[in-house]
file entry_39.tsv (TSV, C-alpha atoms)
chain	number	residue	atom	x	y	z
A	133	MET	CA	-101.24	99.27	-37.84
A	134	PRO	CA	-104.55	99.75	-36.00
A	135	THR	CA	-104.77	102.45	-33.37
A	136	LEU	CA	-104.86	101.03	-29.87
A	137	GLU	CA	-107.81	101.83	-27.67
A	138	ILE	CA	-106.55	103.97	-24.80
A	139	PHE	CA	-108.38	104.52	-21.54
A	140	ALA	CA	-106.97	107.30	-19.39
A	141	ILE	CA	-107.61	107.39	-15.67
A	142	GLY	CA	-106.51	110.42	-13.67
A	143	SER	CA	-106.29	114.17	-14.03
A	144	PRO	CA	-106.25	115.54	-17.57
A	145	ARG	CA	-103.10	117.32	-18.75
A	146	LYS	CA	-102.67	119.64	-21.71
A	147	THR	CA	-101.18	118.11	-24.84
A	148	LYS	CA	-100.32	119.47	-28.28
A	149	SER	CA	-102.52	116.84	-29.86
A	150	LYS	CA	-105.34	118.17	-32.01
A	151	LYS	CA	-107.13	114.84	-32.00
A	152	PRO	CA	-110.21	114.24	-29.91
A	153	GLY	CA	-109.11	113.38	-26.39
A	154	THR	CA	-108.55	109.87	-25.13
A	155	PRO	CA	-111.61	108.47	-23.34
A	156	ARG	CA	-111.15	109.49	-19.71
A	157	LEU	CA	-112.65	107.23	-17.09
A	158	SER	CA	-113.64	108.92	-13.88
A	159	THR	CA	-116.18	106.60	-12.25
A	160	VAL	CA	-116.34	102.94	-11.29
A	161	GLU	CA	-119.17	102.44	-13.79
A	162	GLU	CA	-117.12	103.86	-16.64
A	163	ILE	CA	-114.23	101.56	-15.76
A	164	HIS	CA	-116.47	98.50	-15.75
A	165	GLU	CA	-118.07	99.55	-19.04
A	166	ALA	CA	-114.64	100.01	-20.67
A	167	ALA	CA	-113.49	96.60	-19.45
A	168	ARG	CA	-116.58	94.95	-20.93
A	169	LYS	CA	-116.42	96.83	-24.22
A	170	ARG	CA	-112.86	96.11	-25.38
A	171	GLN	CA	-110.69	93.05	-25.78
A	172	THR	CA	-107.47	94.98	-26.40
A	173	ALA	CA	-106.67	98.28	-24.75
A	174	VAL	CA	-103.98	100.22	-22.97
A	175	TRP	CA	-105.08	101.63	-19.64
A	176	PHE	CA	-103.10	104.79	-18.90
A	177	VAL	CA	-103.11	105.61	-15.19
A	178	GLN	CA	-101.90	109.17	-14.84
A	179	ASP	CA	-101.78	109.76	-11.09
A	180	LYS	CA	-102.39	108.23	-7.67
A	181	PRO	CA	-106.12	109.13	-7.50
A	182	GLY	CA	-106.47	107.39	-10.88
A	183	LEU	CA	-104.70	104.30	-9.55
A	184	ASP	CA	-106.88	104.30	-6.44
A	185	LEU	CA	-110.01	104.57	-8.58
A	186	LEU	CA	-108.91	101.67	-10.78
A	187	LEU	CA	-108.08	99.37	-7.88
A	188	THR	CA	-111.09	100.23	-5.75
A	189	SER	CA	-113.43	99.57	-8.66
A	190	LYS	CA	-113.12	95.86	-7.88
A	191	LEU	CA	-112.35	95.10	-11.47
A	192	GLU	CA	-112.68	91.41	-12.24
A	193	LEU	CA	-110.10	89.53	-14.27
A	194	LEU	CA	-110.03	91.01	-17.75
A	195	ASP	CA	-110.48	88.93	-20.86
A	196	GLY	CA	-108.33	89.66	-23.88
A	197	GLN	CA	-105.20	91.75	-24.05
A	198	HIS	CA	-105.52	94.58	-21.58
A	199	ARG	CA	-102.30	96.39	-20.75
A	200	LEU	CA	-101.51	98.93	-18.07
A	201	LEU	CA	-99.17	101.90	-18.20
A	202	ALA	CA	-98.98	103.82	-14.94
A	203	VAL	CA	-96.90	106.92	-14.35
A	204	ALA	CA	-98.01	107.11	-10.72
A	205	HIS	CA	-95.97	105.42	-8.02
A	206	VAL	CA	-97.34	101.95	-7.31
A	207	GLU	CA	-96.72	100.39	-3.91
A	208	GLU	CA	-95.14	96.97	-3.91
A	209	SER	CA	-98.25	95.43	-2.36
A	210	ARG	CA	-100.45	96.54	-5.30
A	211	ARG	CA	-98.14	95.36	-8.06
A	212	LEU	CA	-99.19	91.72	-7.79
A	213	LEU	CA	-102.84	92.67	-8.19
A	214	LEU	CA	-102.10	94.78	-11.26
A	215	GLY	CA	-100.02	91.92	-12.64
A	216	ALA	CA	-102.96	89.55	-12.20
A	217	LEU	CA	-105.49	91.92	-13.79
A	218	PHE	CA	-103.49	93.00	-16.83
A	219	GLN	CA	-101.62	91.07	-19.47
A	220	LYS	CA	-98.72	93.54	-19.37
A	221	VAL	CA	-97.90	96.13	-16.75
A	222	LEU	CA	-95.43	98.98	-17.11
A	223	ILE	CA	-94.92	101.09	-14.03
A	224	PRO	CA	-92.23	103.48	-12.86
A	225	ASP	CA	-89.34	101.64	-11.36
A	226	GLY	CA	-85.77	102.43	-10.48
A	227	GLY	CA	-84.46	101.13	-13.79
A	228	ILE	CA	-87.21	102.24	-16.14
A	229	ARG	CA	-86.99	105.62	-17.85
A	230	MET	CA	-90.27	106.82	-19.31
A	231	LEU	CA	-91.13	109.59	-21.72
A	232	PRO	CA	-92.34	112.80	-20.07
A	233	ARG	CA	-96.06	112.49	-19.30
A	234	GLU	CA	-97.30	114.97	-21.91
A	235	GLU	CA	-95.29	113.13	-24.59
A	236	LEU	CA	-96.60	109.77	-23.37
A	237	THR	CA	-100.17	110.85	-24.00
A	238	GLU	CA	-99.41	111.89	-27.57
A	239	VAL	CA	-97.52	108.69	-28.30
A	240	LEU	CA	-100.32	106.50	-26.95
A	241	GLU	CA	-102.86	108.43	-29.02
A	242	SER	CA	-100.70	108.20	-32.13
A	243	HIS	CA	-101.77	105.97	-35.00
A	244	ASP	CA	-98.23	104.53	-34.98
A	245	ALA	CA	-97.94	104.00	-31.21
A	246	GLY	CA	-96.39	100.56	-31.68
A	247	ASP	CA	-93.60	102.12	-33.77
A	248	LEU	CA	-92.67	104.54	-31.00
A	249	VAL	CA	-91.00	103.87	-27.66
A	250	VAL	CA	-92.50	104.95	-24.34
A	251	ALA	CA	-89.90	103.62	-21.91
A	252	VAL	CA	-86.45	102.11	-21.78
A	253	ALA	CA	-84.57	100.06	-19.18
A	254	PRO	CA	-80.90	99.09	-19.34
A	255	ASP	CA	-79.87	95.69	-17.99
A	256	GLU	CA	-76.15	96.17	-17.36
A	257	ARG	CA	-75.61	92.63	-16.13
A	258	ASP	CA	-76.98	91.05	-19.31
A	259	GLN	CA	-75.81	93.89	-21.55
A	260	THR	CA	-79.29	94.37	-22.95
A	261	LEU	CA	-81.47	97.42	-23.43
A	262	ILE	CA	-85.18	96.75	-22.98
A	263	LEU	CA	-87.40	99.06	-25.02
A	264	TYR	CA	-91.13	99.29	-24.36
A	265	ARG	CA	-93.16	100.30	-27.39
A	266	GLY	CA	-96.36	102.35	-27.39
A	267	ASP	CA	-98.42	99.14	-27.43
A	268	LEU	CA	-96.31	98.09	-24.39
A	269	GLN	CA	-94.64	95.25	-26.27
A	270	PRO	CA	-91.01	94.90	-25.15
A	271	LEU	CA	-88.09	94.76	-27.56
A	272	LEU	CA	-84.62	93.57	-26.54
A	273	VAL	CA	-81.54	95.20	-28.03
A	274	PRO	CA	-78.00	94.09	-27.14
A	275	PHE	CA	-75.74	96.89	-25.96
A	276	ALA	CA	-73.27	95.78	-28.63
A	277	TRP	CA	-75.62	96.93	-31.39
A	278	PHE	CA	-75.14	100.59	-30.42
A	279	THR	CA	-71.93	101.03	-32.34
A	280	SER	CA	-70.40	104.10	-33.89
A	281	GLU	CA	-68.26	104.39	-36.99
A	282	VAL	CA	-66.27	107.17	-35.37
A	283	GLU	CA	-64.48	107.33	-32.05
A	284	ALA	CA	-66.84	109.60	-30.16
A	285	PRO	CA	-69.31	109.63	-28.65
A	286	LYS	CA	-69.61	106.17	-27.14
A	287	PRO	CA	-73.07	105.15	-25.93
A	288	ALA	CA	-73.45	105.59	-22.16
A	289	PHE	CA	-75.83	102.97	-20.79
A	290	ASP	CA	-75.91	104.57	-17.34
A	291	ASP	CA	-77.51	107.71	-18.80
A	292	VAL	CA	-80.45	106.41	-20.86
A	293	ALA	CA	-83.57	108.26	-21.96
A	294	VAL	CA	-86.34	108.16	-24.55
A	295	THR	CA	-86.77	111.51	-26.27
A	296	ASP	CA	-88.42	113.14	-29.28
A	297	TYR	CA	-91.85	111.63	-28.54
A	298	GLY	CA	-90.53	108.10	-28.62
A	299	GLN	CA	-88.47	108.50	-31.80
A	300	THR	CA	-85.00	108.68	-30.24
A	301	ILE	CA	-83.02	106.67	-27.71
A	302	ARG	CA	-80.39	108.82	-26.00
A	303	LEU	CA	-77.41	107.14	-24.37
A	304	GLY	CA	-75.39	109.98	-22.89
A	305	GLU	CA	-74.35	112.12	-25.85
A	306	TYR	CA	-75.04	109.32	-28.31
A	307	GLU	CA	-78.40	109.08	-30.07
A	308	ALA	CA	-79.97	106.24	-32.02
A	309	ALA	CA	-83.07	106.53	-34.21
A	310	VAL	CA	-85.86	104.25	-32.98
A	311	ASP	CA	-86.68	103.58	-36.63
A	312	ALA	CA	-83.21	102.03	-37.07
A	313	ILE	CA	-83.68	99.82	-34.00
A	314	LEU	CA	-87.08	98.53	-35.11
A	315	TYR	CA	-85.78	97.96	-38.63
A	316	GLU	CA	-82.99	95.79	-37.26
A	317	PHE	CA	-84.85	93.84	-34.57
A	318	ASP	CA	-88.50	93.60	-35.67
A	319	ARG	CA	-88.95	91.54	-38.81
A	320	ASP	CA	-92.60	92.57	-39.27
A	321	TYR	CA	-91.69	96.25	-39.00
A	322	ARG	CA	-88.89	95.78	-41.52
A	323	ARG	CA	-91.16	94.05	-44.02
A	324	ARG	CA	-93.86	96.70	-43.64
A	325	ILE	CA	-91.41	99.56	-44.06
A	326	ARG	CA	-89.67	97.97	-47.06
A	327	LYS	CA	-93.01	97.41	-48.75
A	328	ASN	CA	-93.97	101.05	-48.24
A	329	GLU	CA	-90.58	102.31	-49.36
A	330	ILE	CA	-90.65	100.32	-52.59
A	331	ARG	CA	-94.19	101.56	-53.27
A	332	ASP	CA	-93.31	105.18	-52.45
A	333	ASP	CA	-89.90	105.32	-54.11
A	334	ARG	CA	-90.14	108.21	-56.59
A	335	SER	CA	-86.47	108.14	-57.55
A	336	LEU	CA	-85.12	107.19	-60.96
A	337	GLY	CA	-84.14	103.79	-59.52
A	338	GLY	CA	-87.63	103.19	-58.16
A	339	SER	CA	-89.16	104.17	-61.48
A	340	ILE	CA	-86.86	101.80	-63.40
A	341	ARG	CA	-87.60	98.95	-60.97
A	342	ARG	CA	-91.37	99.37	-61.28
A	343	LEU	CA	-91.13	99.63	-65.08
A	344	ARG	CA	-88.81	96.61	-65.35
A	345	ILE	CA	-91.15	94.45	-63.27
A	346	GLN	CA	-94.14	95.67	-65.27
A	347	ARG	CA	-92.36	94.76	-68.53
A	348	ASN	CA	-91.19	91.44	-67.07
A	349	VAL	CA	-87.57	92.20	-67.88
A	350	ARG	CA	-84.76	90.60	-65.86
A	351	ARG	CA	-81.87	92.64	-64.52
A	352	ASP	CA	-79.42	90.63	-66.62
A	353	ASP	CA	-81.32	91.44	-69.79
A	354	PHE	CA	-79.91	94.92	-70.51
A	355	PRO	CA	-77.26	94.59	-73.27
A	356	GLY	CA	-74.08	96.41	-72.22
A	357	VAL	CA	-75.19	97.03	-68.61
A	358	SER	CA	-74.52	94.41	-65.94
A	359	ASP	CA	-77.23	93.09	-63.64
A	360	LYS	CA	-75.21	94.43	-60.69
A	361	GLU	CA	-75.23	97.91	-62.19
A	362	ILE	CA	-78.98	97.76	-62.76
A	363	ALA	CA	-79.43	96.67	-59.14
A	364	ARG	CA	-77.29	99.58	-57.91
A	365	ILE	CA	-79.27	102.04	-60.01
A	366	GLU	CA	-82.55	100.63	-58.69
A	367	ARG	CA	-81.31	100.94	-55.11
A	368	GLY	CA	-80.47	104.60	-55.69
A	369	GLU	CA	-76.72	104.05	-55.31
A	370	VAL	CA	-76.21	105.59	-58.76
A	371	PRO	CA	-78.54	108.59	-58.74
A	372	ASN	CA	-77.27	109.94	-62.08
A	373	PRO	CA	-76.44	107.09	-64.48
A	374	HIS	CA	-74.37	107.91	-67.53
A	375	PRO	CA	-76.48	109.07	-70.51
A	376	LYS	CA	-75.42	105.95	-72.47
A	377	THR	CA	-76.61	103.75	-69.61
A	378	ARG	CA	-79.92	105.62	-69.43
A	379	ALA	CA	-80.36	105.21	-73.17
A	380	ILE	CA	-79.81	101.43	-72.99
A	381	ILE	CA	-82.26	101.06	-70.12
A	382	ALA	CA	-84.90	103.25	-71.78
A	383	LYS	CA	-84.61	101.41	-75.07
A	384	ARG	CA	-84.89	97.98	-73.44
A	385	LEU	CA	-87.92	99.09	-71.41
A	386	GLY	CA	-89.52	100.72	-74.45
A	387	VAL	CA	-89.81	104.29	-73.16
A	388	ALA	CA	-88.31	107.65	-74.08
A	389	VAL	CA	-85.15	108.49	-72.14
A	390	ASN	CA	-86.67	111.68	-70.76
A	391	GLU	CA	-89.65	109.72	-69.40
A	392	LEU	CA	-87.61	107.08	-67.62
A	393	ASP	CA	-88.07	108.64	-64.18
A	394	SER	CA	-91.80	109.23	-64.53
A	395	PHE	CA	-93.08	105.68	-63.98
B	188	MET	CA	-73.12	113.17	-30.83
B	189	PRO	CA	-75.99	113.62	-33.28
B	190	TYR	CA	-75.99	116.63	-35.57
B	191	SER	CA	-78.91	118.99	-35.01
B	192	LEU	CA	-79.48	121.62	-37.66
B	193	GLN	CA	-80.23	125.02	-36.21
B	194	LEU	CA	-83.68	125.82	-37.55
B	195	PRO	CA	-85.12	129.34	-37.64
B	196	GLU	CA	-85.90	130.21	-34.02
B	197	GLY	CA	-89.68	130.32	-34.25
B	198	TRP	CA	-89.84	126.83	-35.75
B	199	ALA	CA	-87.44	125.36	-33.22
B	200	LYS	CA	-89.60	126.76	-30.43
B	201	GLN	CA	-92.58	125.01	-31.94
B	202	GLY	CA	-90.76	121.72	-31.58
B	203	TRP	CA	-89.35	121.28	-35.09
B	204	LYS	CA	-85.95	119.53	-35.26
B	205	ALA	CA	-83.69	118.28	-38.04
B	206	LYS	CA	-81.16	115.61	-37.07
B	207	ILE	CA	-78.55	113.19	-38.24
B	208	PHE	CA	-78.29	110.42	-35.63
B	209	ASP	CA	-75.20	108.53	-34.48
B	210	LYS	CA	-77.05	105.33	-35.33
B	211	GLU	CA	-79.29	105.37	-38.39
B	212	ARG	CA	-80.51	103.16	-41.15
B	213	LEU	CA	-77.64	103.87	-43.49
B	214	GLU	CA	-79.06	103.67	-46.98
B	215	PRO	CA	-79.61	106.18	-48.41
B	216	PRO	CA	-77.91	108.98	-46.46
B	217	HIS	CA	-80.60	111.26	-45.11
B	218	VAL	CA	-81.59	113.94	-42.63
B	219	THR	CA	-84.64	113.41	-40.42
B	220	ILE	CA	-87.05	116.24	-39.65
B	221	LEU	CA	-88.93	115.56	-36.42
B	222	ARG	CA	-91.92	117.09	-34.75
B	223	GLY	CA	-93.97	115.34	-32.09
B	224	THR	CA	-94.60	111.74	-33.06
B	225	GLN	CA	-93.96	112.37	-36.76
B	226	LYS	CA	-90.86	112.31	-38.90
B	227	TRP	CA	-89.94	113.16	-42.49
B	228	ARG	CA	-86.72	111.95	-44.15
B	229	ILE	CA	-84.92	113.82	-46.93
B	230	ASN	CA	-82.42	111.97	-49.11
B	231	LEU	CA	-79.12	113.87	-48.97
B	232	ARG	CA	-78.10	112.63	-52.42
B	233	THR	CA	-81.20	113.86	-54.20
B	234	GLY	CA	-82.76	116.43	-51.86
B	235	LYS	CA	-86.07	114.58	-52.21
B	236	PHE	CA	-88.44	113.31	-49.55
B	237	MET	CA	-88.06	109.59	-49.01
B	238	ASP	CA	-91.52	108.74	-47.70
B	239	ARG	CA	-95.03	109.53	-48.88
B	240	LYS	CA	-96.41	109.52	-45.33
B	241	PRO	CA	-96.58	111.77	-43.49
B	242	SER	CA	-97.11	114.11	-46.41
B	243	PRO	CA	-94.27	116.54	-47.14
B	244	ASP	CA	-97.08	119.10	-47.58
B	245	ASP	CA	-97.52	119.02	-43.79
B	246	LEU	CA	-94.10	120.65	-43.35
B	247	PRO	CA	-93.72	124.42	-43.13
B	248	GLN	CA	-91.91	125.79	-46.18
B	249	ALA	CA	-89.44	127.60	-43.92
B	250	VAL	CA	-88.34	124.33	-42.33
B	251	VAL	CA	-87.95	122.61	-45.71
B	252	ALA	CA	-86.01	125.60	-47.05
B	253	ALA	CA	-83.72	125.61	-44.02
B	254	VAL	CA	-82.86	121.97	-44.69
B	255	LEU	CA	-82.52	122.18	-48.48
B	256	ASP	CA	-80.39	125.33	-48.24
B	257	THR	CA	-77.87	123.46	-46.10
B	258	LEU	CA	-77.68	120.14	-47.94
B	259	ASP	CA	-73.93	120.50	-48.44
B	260	SER	CA	-73.16	121.01	-44.77
B	261	LEU	CA	-75.67	118.32	-43.78
B	262	SER	CA	-73.91	115.97	-46.19
B	263	ALA	CA	-70.57	116.78	-44.57
B	264	GLU	CA	-72.07	116.05	-41.14
B	265	TRP	CA	-73.45	112.74	-42.41
B	266	ASP	CA	-70.05	111.78	-43.83
B	267	LYS	CA	-68.38	112.55	-40.49
B	268	ARG	CA	-70.67	110.13	-38.67
B	269	HIS	CA	-71.14	107.49	-41.34
B	270	PRO	CA	-67.93	107.38	-43.39
B	271	SER	CA	-68.69	103.88	-44.70
B	272	ASN	CA	-71.59	105.27	-46.72
B	273	PRO	CA	-70.69	108.77	-47.87
B	274	VAL	CA	-73.26	111.02	-49.54
B	275	ARG	CA	-71.06	111.40	-52.61
B	276	ASN	CA	-70.69	107.74	-53.42
B	277	PRO	CA	-67.26	107.29	-55.08
B	278	ASP	CA	-68.69	104.41	-57.12
B	279	ALA	CA	-71.41	106.55	-58.66
B	280	ASP	CA	-71.54	106.31	-62.45
B	281	SER	CA	-72.22	109.96	-63.18

call {"tool": "encode", "arguments": {"input": "entry_39.tsv", "output": "structure tokens"}}
result
Amino acid sequence: MPTLEIFAIGSPRKTKSKKPGTPRLSTVEEIHEAARKRQTAVWFVQDKPGLDLLLTSKLELLDGQHRLLAVAHVEESRRLLLGALFQKVLIPDGGIRMLPREELTEVLESHDAGDLVVAVAPDERDQTLILYRGDLQPLLVPFAWFTSEVEAPKPAFDDVAVTDYGQTIRLGEYEAAVDAILYEFDRDYRRRIRKNEIRDDRSLGGSIRRLRIQRNVRRDDFPGVSDKEIARIERGEVPNPHPKTRAIIAKRLGVAVNELDSF
Amino acid sequence: MPYSLQLPEGWAKQGWKAKIFDKERLEPPHVTILRGTQKWRINLRTGKFMDRKPSPDDLPQAVVAAVLDTLDSLSAEWDKRHPSNPVRNPDADS
């Protein structure tokens, strides 16, 4: 996923990031230059002077996909203008809970900003949680998805927060991993993650799967071991197959038993 | 409530965390080490890192040791929260 261009406007704050700082725009000329230079960017307005600078720069309508994230209070009268200038606008509101400002900066500067969450808003009436990702794309998650296999804790949708630099959604005492949410509700994320996991799988199952595909052997072509069992081994559900099973697999794939997990 | 492993104090102060969430991707059972915008997952069945990126080499040895030394109790905490997919899979052919 490409890193988003971020333009910060407002006072600098300290972050833990070791990366070179986000371009900080402090003059009308710099704002105009940034608007001309990029087709896709997130503009991060960090305080009221920054907002004033942006809006008094007489910015013309922006081409492309410019998005605005403001942590400063925005008066009602200015929201329409921001909405006209930017493709997406995320500003503090009664229902929106944002990451703390220092965490926001790190998330926006992260290579995986789109895989992290910067803000969350519960819609009680429609029983939906709206997540805003680091690229400001919204994601809708039904309340009903936040289940638990045990009795407590139950998710509390009146006490919502994003924590852990956009990696956790906290609902009262209940916590959900953002990774799990994206995996469930974003098909592109799921495909990307699955592809990486299969490539990176260094387990015995992963090794057998790679070797089997390389040898063009079907799962139902292991005498004495069912295709279901092979599938379970490949998925890591049987981390230590019986020595006889290992021997059958190794023989069919043409490798020594003790080398089976090295492919 | 998620389970948060108590890491050695210095590392916790630097923002390192190790968690089992109430809602996770279930397979395989794992513990997630978090710091800033990054995360590392360790498979509770094998004790191995699940992802190549970010590199496990980026983790302090003390944090890894704290997790690996407590795999049994982490597994018990996982099983409490996710009983449908226990760490010790009863169907395992071992």

call {"tool": "closest_atom_pairs", "arguments": {"input": "entry_39.tsv", "of": "chain B", "to": "chain A", "cutoff": "10 Å", "atoms": "all atoms listed in the file", "output": "tab-separated table"}}
result
residue	atom	partner	partner_atom	distance
B:Met188	CA	A:Tyr306	CA	5.0
B:Pro189	CA	A:Glu307	CA	6.1
B:Tyr190	CA	A:Glu307	CA	9.6
B:Gly202	CA	A:Asp296	CA	9.2
B:Lys204	CA	A:Asp296	CA	9.1
B:Lys206	CA	A:Ala309	CA	9.7
B:Ile207	CA	A:Ala309	CA	9.0
B:Phe208	CA	A:Glu307	CA	5.7
B:Asp209	CA	A:Glu307	CA	5.5
B:Lys210	CA	A:Ala308	CA	4.5
B:Glu211	CA	A:Ala312	CA	5.3
B:Arg212	CA	A:Ala312	CA	5.0
B:Leu213	CA	A:Ala312	CA	8.7
B:Glu214	CA	A:Glu369	CA	8.7
B:Pro215	CA	A:Gly368	CA	7.5
B:Thr219	CA	A:Ala309	CA	9.4
B:Leu221	CA	A:Asp296	CA	7.6
B:Arg222	CA	A:Asp296	CA	7.6
B:Gly223	CA	A:Tyr297	CA	5.6
B:Thr224	CA	A:Tyr297	CA	5.3
B:Gln225	CA	A:Gln299	CA	8.3
B:Lys226	CA	A:Gln299	CA	8.4
B:Arg232	CA	A:Pro371	CA	7.5
B:Thr233	CA	A:Pro371	CA	7.4
B:Lys235	CA	A:Ser335	CA	8.4
B:Phe236	CA	A:Arg334	CA	8.9
B:Met237	CA	A:Asp333	CA	6.9
B:Asp238	CA	A:Asp332	CA	6.2
B:Arg239	CA	A:Asp332	CA	5.9
B:Lys240	CA	A:Asp332	CA	8.9
B:Lys267	CA	A:Val282	CA	7.7
B:Arg268	CA	A:Val282	CA	6.2
B:His269	CA	A:Glu281	CA	6.1
B:Pro270	CA	A:Glu281	CA	7.1
B:Ser271	CA	A:Glu281	CA	7.7
B:Val274	CA	A:Glu369	CA	9.7
B:Arg275	CA	A:Glu369	CA	9.7
B:Asn276	CA	A:Glu369	CA	7.3
B:Pro277	CA	A:Val370	CA	9.8
B:Asp278	CA	A:Val370	CA	7.8
B:Ala279	CA	A:Val370	CA	4.9
B:Asp280	CA	A:Pro373	CA	5.4
B:Ser281	CA	A:Asn372	CA	5.2

call {"tool": "axis_aligned_box", "arguments": {"input": "entry_39.tsv", "around": "segment 270-278 of chain A", "padding_each_side": "8 Å", "output": "JSON"}}
result
{"center_x": -82.1, "center_y": 97.1, "center_z": -28.3, "size_x": 33.7, "size_y": 23.0, "size_z": 22.2}

call {"tool": "closest_residue", "arguments": {"input": "entry_39.tsv", "among": "B:Val250, B:Trp265, B:Leu255, B:Ser260", "to": "Gly197 of chain B", "atoms": "all atoms listed in the file"}}
result
B:Val250

call {"tool": "atom_distance", "arguments": {"input": "entry_39.tsv", "atom1": "atom CA of Pro155 of chain A", "atom2": "atom CA of Ile262 of chain A"}}
result
28.9 Å

call {"tool": "atom_distance", "arguments": {"input": "entry_39.tsv", "atom1": "atom CA of Arg210 of chain A", "atom2": "atom CA of Asp290 of chain A"}}
result
28.5 Å

call {"tool": "residues_around", "arguments": {"input": "entry_39.tsv", "residues": "Leu194 of chain B", "least_positions_apart": "3", "cutoff": "7 Å", "atoms": "all atoms listed in the file", "output": "list in words"}}
result
Trp198, Ala199, Val250 and Ala253 of chain B

call {"tool": "residues_around", "arguments": {"input": "entry_39.tsv", "residues": "Arg378 of chain A", "least_positions_apart": "5", "cutoff": "12 Å", "atoms": "all atoms listed in the file", "output": "PyMOL selection string"}}
result
(chain A and resi 336-337+340+354-357+361-362+365+370-373+383-393) or (chain B and resi 280-281)

call {"tool": "closest_residue", "arguments": {"input": "entry_39.tsv", "among": "A:Asp359, A:Glu165, A:Glu234, A:Glu256", "to": "Ser143 of chain A", "atoms": "all atoms listed in the file"}}
result
A:Glu234

call {"tool": "atom_distance", "arguments": {"input": "entry_39.tsv", "atom1": "atom CA of Val160 of chain A", "atom2": "atom CA of Lys190 of chain A"}}
result
8.5 Å

call {"tool": "residues_around", "arguments": {"input": "entry_39.tsv", "residues": "Asp179 of chain A", "least_positions_apart": "6", "cutoff": "8 Å", "atoms": "all atoms listed in the file", "output": "JSON list (two decimals) with C-alpha atoms, keeping the file's coordinate frame"}}
result
[["chain", "number", "residue", "atom", "x", "y", "z"],
["A", 141, "ILE", "CA", -107.61, 107.39, -15.67],
["A", 142, "GLY", "CA", -106.51, 110.42, -13.67],
["A", 143, "SER", "CA", -106.29, 114.17, -14.03],
["A", 202, "ALA", "CA", -98.98, 103.82, -14.94],
["A", 203, "VAL", "CA", -96.90, 106.92, -14.35],
["A", 204, "ALA", "CA", -98.01, 107.11, -10.72],
["A", 205, "HIS", "CA", -95.97, 105.42, -8.02]]

call {"tool": "decode", "arguments": {"input": "entry_39.tsv", "residues": "segment 356-367 of chain A", "atoms": "N, CA and C atoms", "output": "short mmCIF file (atom, residue, chain, number, x, y, z; two decimals), in the first residue's frame"}}
result
data_model
loop_
_atom_site.label_atom_id
_atom_site.label_comp_id
_atom_site.auth_asym_id
_atom_site.auth_seq_id
_atom_site.Cartn_x
_atom_site.Cartn_y
_atom_site.Cartn_z
N GLY A 356 -3.22 -43.40 2.08
CA GLY A 356 -3.32 -43.64 3.53
C GLY A 356 -3.57 -42.38 4.34
N VAL A 357 -3.55 -41.21 3.70
CA VAL A 357 -3.85 -39.96 4.41
C VAL A 357 -4.94 -39.23 3.62
N SER A 358 -6.02 -38.87 4.29
CA SER A 358 -7.14 -38.26 3.57
C SER A 358 -6.82 -36.83 3.14
N ASP A 359 -7.54 -36.37 2.13
CA ASP A 359 -7.33 -34.98 1.67
C ASP A 359 -7.68 -33.99 2.78
N LYS A 360 -8.67 -34.35 3.60
CA LYS A 360 -9.05 -33.46 4.71
C LYS A 360 -7.91 -33.34 5.71
N GLU A 361 -7.25 -34.46 5.97
CA GLU A 361 -6.14 -34.44 6.92
C GLU A 361 -4.98 -33.60 6.38
N ILE A 362 -4.70 -33.76 5.10
CA ILE A 362 -3.64 -32.95 4.48
C ILE A 362 -3.99 -31.47 4.60
N ALA A 363 -5.26 -31.13 4.35
CA ALA A 363 -5.68 -29.73 4.44
C ALA A 363 -5.51 -29.21 5.85
N ARG A 364 -5.84 -30.03 6.84
CA ARG A 364 -5.70 -29.60 8.24
C ARG A 364 -4.23 -29.40 8.60
N ILE A 365 -3.39 -30.28 8.11
CA ILE A 365 -1.95 -30.13 8.37
C ILE A 365 -1.44 -28.84 7.72
N GLU A 366 -1.87 -28.59 6.49
CA GLU A 366 -1.41 -27.40 5.79
C GLU A 366 -1.89 -26.12 6.48
N ARG A 367 -3.07 -26.19 7.08
CA ARG A 367 -3.59 -25.00 7.77
C ARG A 367 -2.97 -24.82 9.16
#
